[in-house]
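Here's the structure, in structure tokens; my notes come after.
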Amino acid sequence: MGAIDITHIAENYRKIQRRIQDAADRSKRDPESIRLVAVTKTVSADRIREAFASGIRHIGENRFQDALVKFDSLQGLDLTWHFIGHIQTNKAKRIAEQFQWIHSIDRVEVAEKLDRAAAKPLLVFIEVKLHEEPNKSGVSEAQLPELIAAVRGCPQLRLQGLMSVPPYLDNPEEVRPYFRKLRELGLAFNLHELSMGMTHDFEIAIEEGATWIRVGTGLFGSRT
């Protein structure tokens with residue numbers, strides 16, 4: 001992959017696009033079916049503005065309080081905001097008001113709070129926990145059918161698919177079984193959108209069916 005240029009987002013974006021194209025070619029997929037969410041945790045509004053100028057339109061935030069400042073600074077830009085972090089129930093109302101996409105519904109209580117708060121339909125993913133790594137969110141595979149039914153019963157939520165954050169492994173190939181499992185679960189429930197894969201492993205995710213990848217370090221450099 002090579003070193004990441006922390007000052008030239010446009011060039012980093014071009015490198016990511018080439019990696020997407022190569023992974024799509026290997027898996028005989030249309031690269032246009034794979035969309036990128038730029039993860040902007042700790043990234044300033046000015047850097048996001050630079051990313052917008054480079055062609056990036058989808059922005060992913062992990063923390064609602066951090067996002068609030070950026071919303072104010074970036075008003076007027078045609079950005080689509082994705083919430084990708086753990087959802088605290090006391091923040092659900094404001095998340096529903098500010099974000100168009102939500103990738104991290106992991107329990108019925110959160111789904112119901114988002115549904116009640118939403119003034120417009122929300123595009124959502126259910127986050128699935130496929131491993132026992134501590135301090136990671138996600139619904140278990142055993143409880144997934146109940147949560148899918150609950151989300152599908154919420155009039156303001158539009159269930160798009162499944163999301164997962166597998167463990168970080170030095171060899172990205174070792175993450176493949178997690179991505180494959182998420183794809184299999186999606187197929188079992190007729191959900192074809194998959195939010196999976198980050199800077200380190202998104203090529204493997206694409207080969208296993210990712211339709212949304214979440215890239216931060218590859219675009220903006222290592223967090224400080």
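Labels for the structure tokens follow display order: chains A, B, ..., residues from 1 in each chain, ligands from 1.
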Query raised in the report: Any idea what's packed within 10 Å of segment 184-195 of chain A, counting only C-alpha atoms, ignoring anything in its chain fewer than 4 positions away? Could you give it as an MDAnalysis selection string?
Result: chainID A and resid 33:37 84 103:104 125:128 141 144:145 148 159:165 178:180 205:206 208:214
Expected file contents, prior selection, N, CA and C atoms, as a compact mmCIF listing (two decimals), in the first residue's frame:
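Result file follows (again16.txt):
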```txt
# COMPACT_ATOMS: atom_id res chain seq x y z
N SER A 33 -20.59 -0.03 -8.03
CA SER A 33 -21.46 -0.59 -7.00
C SER A 33 -20.85 -0.48 -5.61
N ILE A 34 -19.64 0.06 -5.53
CA ILE A 34 -18.91 0.16 -4.26
C ILE A 34 -18.74 1.64 -3.93
N ARG A 35 -19.28 2.04 -2.79
CA ARG A 35 -19.22 3.45 -2.41
C ARG A 35 -18.36 3.63 -1.16
N LEU A 36 -17.75 4.79 -1.09
CA LEU A 36 -16.79 5.08 -0.03
C LEU A 36 -17.35 6.10 0.94
N VAL A 37 -17.27 5.78 2.22
CA VAL A 37 -17.55 6.74 3.29
C VAL A 37 -16.22 7.18 3.87
N ILE A 84 -21.58 6.26 12.15
CA ILE A 84 -20.99 4.91 12.09
C ILE A 84 -20.54 4.42 13.45
N HIS A 103 -25.30 3.50 10.39
CA HIS A 103 -24.72 2.19 10.12
C HIS A 103 -24.70 1.28 11.34
N SER A 104 -25.15 1.73 12.50
CA SER A 104 -24.78 1.04 13.73
C SER A 104 -25.94 0.76 14.68
N PHE A 125 -28.40 0.64 8.64
CA PHE A 125 -27.79 -0.69 8.70
C PHE A 125 -27.91 -1.22 10.12
N ILE A 126 -27.96 -2.52 10.24
CA ILE A 126 -27.83 -3.18 11.54
C ILE A 126 -26.39 -3.63 11.70
N GLU A 127 -25.80 -3.30 12.84
CA GLU A 127 -24.43 -3.72 13.12
C GLU A 127 -24.44 -5.09 13.78
N VAL A 128 -23.68 -6.01 13.21
CA VAL A 128 -23.62 -7.39 13.69
C VAL A 128 -22.25 -7.64 14.29
N GLU A 141 -25.47 -12.87 16.34
CA GLU A 141 -26.14 -13.58 15.26
C GLU A 141 -27.46 -14.18 15.74
N LEU A 144 -30.11 -11.46 15.85
CA LEU A 144 -30.28 -10.69 14.62
C LEU A 144 -31.69 -10.79 14.04
N PRO A 145 -32.32 -11.96 13.95
CA PRO A 145 -33.66 -12.01 13.36
C PRO A 145 -34.67 -11.11 14.08
N ILE A 148 -33.88 -7.44 13.11
CA ILE A 148 -34.29 -7.16 11.73
C ILE A 148 -35.80 -6.95 11.68
N LEU A 159 -34.40 -0.18 6.20
CA LEU A 159 -33.28 -1.09 6.40
C LEU A 159 -32.61 -1.40 5.08
N GLN A 160 -31.32 -1.04 4.98
CA GLN A 160 -30.55 -1.24 3.76
C GLN A 160 -29.73 -2.52 3.78
N GLY A 161 -29.17 -2.85 4.96
CA GLY A 161 -28.29 -4.01 5.00
C GLY A 161 -27.64 -4.17 6.35
N LEU A 162 -26.48 -4.81 6.34
CA LEU A 162 -25.76 -5.15 7.56
C LEU A 162 -24.38 -4.50 7.58
N MET A 163 -23.91 -4.23 8.77
CA MET A 163 -22.57 -3.65 8.97
C MET A 163 -21.84 -4.48 10.01
N SER A 164 -20.52 -4.55 9.89
CA SER A 164 -19.71 -5.19 10.92
C SER A 164 -18.32 -4.58 10.95
N VAL A 165 -17.70 -4.65 12.14
CA VAL A 165 -16.31 -4.23 12.32
C VAL A 165 -15.55 -5.46 12.82
N TYR A 178 -14.86 -13.27 8.28
CA TYR A 178 -15.85 -12.38 8.89
C TYR A 178 -16.68 -11.67 7.82
N PHE A 179 -16.01 -11.19 6.79
CA PHE A 179 -16.73 -10.54 5.70
C PHE A 179 -17.65 -11.53 4.98
N ARG A 180 -17.15 -12.72 4.78
CA ARG A 180 -17.96 -13.74 4.10
C ARG A 180 -19.19 -14.08 4.93
N ALA A 205 -12.80 -7.05 1.73
CA ALA A 205 -14.23 -6.81 1.90
C ALA A 205 -14.94 -6.70 0.56
N ILE A 206 -14.33 -5.98 -0.38
CA ILE A 206 -14.93 -5.85 -1.71
C ILE A 206 -15.04 -7.21 -2.39
N GLU A 208 -15.53 -9.89 -1.03
CA GLU A 208 -16.58 -10.66 -0.37
C GLU A 208 -17.95 -9.97 -0.44
N GLY A 209 -18.03 -8.86 -1.20
CA GLY A 209 -19.35 -8.29 -1.44
C GLY A 209 -19.65 -6.94 -0.84
N ALA A 210 -18.67 -6.26 -0.23
CA ALA A 210 -18.94 -4.95 0.36
C ALA A 210 -19.52 -4.00 -0.68
N THR A 211 -20.54 -3.25 -0.28
CA THR A 211 -21.08 -2.19 -1.13
C THR A 211 -20.75 -0.80 -0.57
N TRP A 212 -20.39 -0.75 0.71
CA TRP A 212 -19.91 0.48 1.34
C TRP A 212 -18.62 0.14 2.09
N ILE A 213 -17.58 0.92 1.86
CA ILE A 213 -16.35 0.78 2.63
C ILE A 213 -16.13 2.06 3.41
N ARG A 214 -15.50 1.95 4.57
CA ARG A 214 -15.32 3.10 5.47
C ARG A 214 -13.83 3.35 5.63
```
Please return, as an mmCIF file with C-alpha atoms, in the first residue's frame, all residues of segment 17-201 of chain A that DSSP assigns to strand (DSSP E or B) on the basis of the backbone.
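Contents of states-v2.cif, freshly written:
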```
data_model
loop_
_atom_site.group_PDB
_atom_site.id
_atom_site.type_symbol
_atom_site.label_atom_id
_atom_site.label_comp_id
_atom_site.auth_asym_id
_atom_site.auth_seq_id
_atom_site.Cartn_x
_atom_site.Cartn_y
_atom_site.Cartn_z
ATOM 1 C CA ARG A 35 -19.221 3.452 -2.412
ATOM 2 C CA LEU A 36 -16.789 5.076 -0.031
ATOM 3 C CA VAL A 37 -17.549 6.742 3.288
ATOM 4 C CA ALA A 38 -14.717 9.015 4.394
ATOM 5 C CA VAL A 39 -14.278 8.469 8.135
ATOM 6 C CA HIS A 58 -20.082 10.715 1.960
ATOM 7 C CA ILE A 59 -18.779 11.544 5.436
ATOM 8 C CA GLY A 60 -18.788 9.139 8.387
ATOM 9 C CA GLU A 61 -18.641 10.279 11.998
ATOM 10 C CA THR A 80 -24.225 13.093 2.972
ATOM 11 C CA TRP A 81 -23.617 12.319 6.632
ATOM 12 C CA HIS A 82 -23.314 8.761 7.962
ATOM 13 C CA PHE A 83 -23.286 7.920 11.657
ATOM 14 C CA TRP A 101 -27.514 7.234 7.039
ATOM 15 C CA ILE A 102 -26.984 5.240 10.226
ATOM 16 C CA HIS A 103 -24.725 2.189 10.117
ATOM 17 C CA SER A 104 -24.777 1.041 13.731
ATOM 18 C CA ILE A 105 -28.201 -0.001 15.029
ATOM 19 C CA LEU A 122 -33.591 7.219 7.648
ATOM 20 C CA LEU A 123 -31.429 4.782 5.696
ATOM 21 C CA VAL A 124 -30.033 2.320 8.203
ATOM 22 C CA PHE A 125 -27.791 -0.689 8.696
ATOM 23 C CA ILE A 126 -27.834 -3.179 11.536
ATOM 24 C CA GLU A 127 -24.427 -3.718 13.121
ATOM 25 C CA VAL A 128 -23.617 -7.391 13.687
ATOM 26 C CA VAL A 139 -26.107 -7.541 17.787
ATOM 27 C CA LEU A 157 -36.446 3.376 9.146
ATOM 28 C CA ARG A 158 -35.415 1.978 5.774
ATOM 29 C CA LEU A 159 -33.284 -1.087 6.401
ATOM 30 C CA GLN A 160 -30.547 -1.241 3.761
ATOM 31 C CA GLY A 161 -28.293 -4.008 4.997
ATOM 32 C CA LEU A 162 -25.756 -5.149 7.563
ATOM 33 C CA MET A 163 -22.572 -3.655 8.972
ATOM 34 C CA GLU A 193 -26.065 -3.702 1.120
ATOM 35 C CA LEU A 194 -22.979 -4.482 3.206
ATOM 36 C CA SER A 195 -20.999 -1.850 5.107
#
```
Query raised in the report: Which residue, A:Pro121, A:Glu207, A:Lys15, A:Glu97, has the smallest gap to Arg29 of chain A when you use only C-alpha atoms?
Result: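 Among A:Pro121, A:Glu207, A:Lys15, A:Glu97, it is A:Glu207 that comes nearest to Arg29 of chain A.
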Requested in this report: Pull the helix (DSSP H, G or I) assignments for segment 76-212 of chain A out of DSSP run on the backbone, and list those residues as a ChimeraX atom specification.
Outcome: /A:89-98,108-117,144-152,172-188,202-207
Report task. Excluding Arg107 of chain A and any residue of its chain fewer than 3 positions from it, enumerate the residues within 8 Å of it, using only C-alpha atoms, and give them as number ranges by chain. Result -> A: 110-111, 138-139, 147
Could you save those same residues with N, CA and C atoms as a CSV table (one decimal), in the first residue's frame?
```csv
chain,number,residue,atom,x,y,z
A,110,VAL,N,-32.7,1.2,20.5
A,110,VAL,CA,-32.1,2.3,19.7
A,110,VAL,C,-33.0,2.5,18.4
A,111,ALA,N,-33.4,1.4,17.8
A,111,ALA,CA,-34.2,1.5,16.6
A,111,ALA,C,-35.5,2.2,16.8
A,138,GLY,N,-22.6,-4.3,18.5
A,138,GLY,CA,-23.2,-5.2,17.5
A,138,GLY,C,-24.1,-6.2,18.1
A,139,VAL,N,-25.2,-6.5,17.4
A,139,VAL,CA,-26.1,-7.5,17.8
A,139,VAL,C,-25.5,-8.9,17.5
A,147,LEU,N,-34.0,-8.3,15.8
A,147,LEU,CA,-33.7,-6.9,15.5
A,147,LEU,C,-34.1,-6.6,14.1
```
Query raised in the report: Any idea what's packed within 12 Å of Asn171 of chain A, counting only C-alpha atoms, ignoring anything in its chain fewer than 4 positions away? Could you give it as a PyMOL selection string?
Result: chain A and resi 167+175-176+200-201+204
Query raised in the report: Near segment 74-78 of chain A, within 10 Å and counting only C-alpha atoms, which residues show up once chain neighbours fewer than 3 positions away are dropped, as a VMD selection string?
Result: chain A and resid 45 to 46 48 to 49 52 to 53 56 to 58 69 to 71 81
For the residues in that selection, give me C-alpha atoms as a short mmCIF file (atom, residue, chain, number, x, y, z; two decimals), in the first residue's frame.
```cif
data_model
loop_
_atom_site.label_atom_id
_atom_site.label_comp_id
_atom_site.auth_asym_id
_atom_site.auth_seq_id
_atom_site.Cartn_x
_atom_site.Cartn_y
_atom_site.Cartn_z
CA ALA A 45 -13.68 20.78 9.01
CA ASP A 46 -11.01 22.31 6.77
CA ILE A 48 -13.23 17.68 5.14
CA ARG A 49 -13.66 20.69 2.88
CA PHE A 52 -15.11 17.56 -0.74
CA ALA A 53 -13.04 19.45 -3.30
CA ILE A 56 -15.73 12.90 -1.71
CA ARG A 57 -19.41 13.25 -0.83
CA HIS A 58 -20.08 10.72 1.96
CA VAL A 69 -19.09 21.45 15.27
CA LYS A 70 -18.44 20.20 11.75
CA PHE A 71 -22.10 20.49 10.73
CA TRP A 81 -23.62 12.32 6.63
#
```
Query raised in the report: Quick one: of A:Phe99, A:Phe64, A:Phe202, A:Tyr13, who's nearest to Leu219 of chain A, counting only C-alpha atoms?
Result: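 The shortest atom-to-atom distance to Leu219 of chain A comes from A:Tyr13.
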Query raised in the report: Pro166 of chain A: which residues within 9 Å, counting only C-alpha atoms, same-chain residues fewer than 3 positions away excluded, as a PyMOL selection string?
Result: chain A and resi 129-131+133+169+175+178-179+196-197
Writing out the chosen residues with C-alpha atoms as a CSV table (one decimal), in the first residue's frame:
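Dumped to out_5.csv:
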```
chain,number,residue,atom,x,y,z
A,129,LYS,CA,-21.0,-8.6,16.1
A,130,LEU,CA,-19.3,-11.6,14.6
A,131,HIS,CA,-16.5,-12.1,17.1
A,133,GLU,CA,-13.6,-8.9,20.9
A,169,LEU,CA,-5.5,-8.6,12.1
A,175,VAL,CA,-10.4,-11.2,8.1
A,178,TYR,CA,-15.8,-12.4,8.9
A,179,PHE,CA,-16.7,-10.5,5.7
A,196,MET,CA,-17.6,-3.5,5.8
A,197,GLY,CA,-14.0,-2.9,5.2
```
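The space separating atom CA of Glu203 of chain A from atom CA of Ser222 of chain A comes to 19.1 Å.
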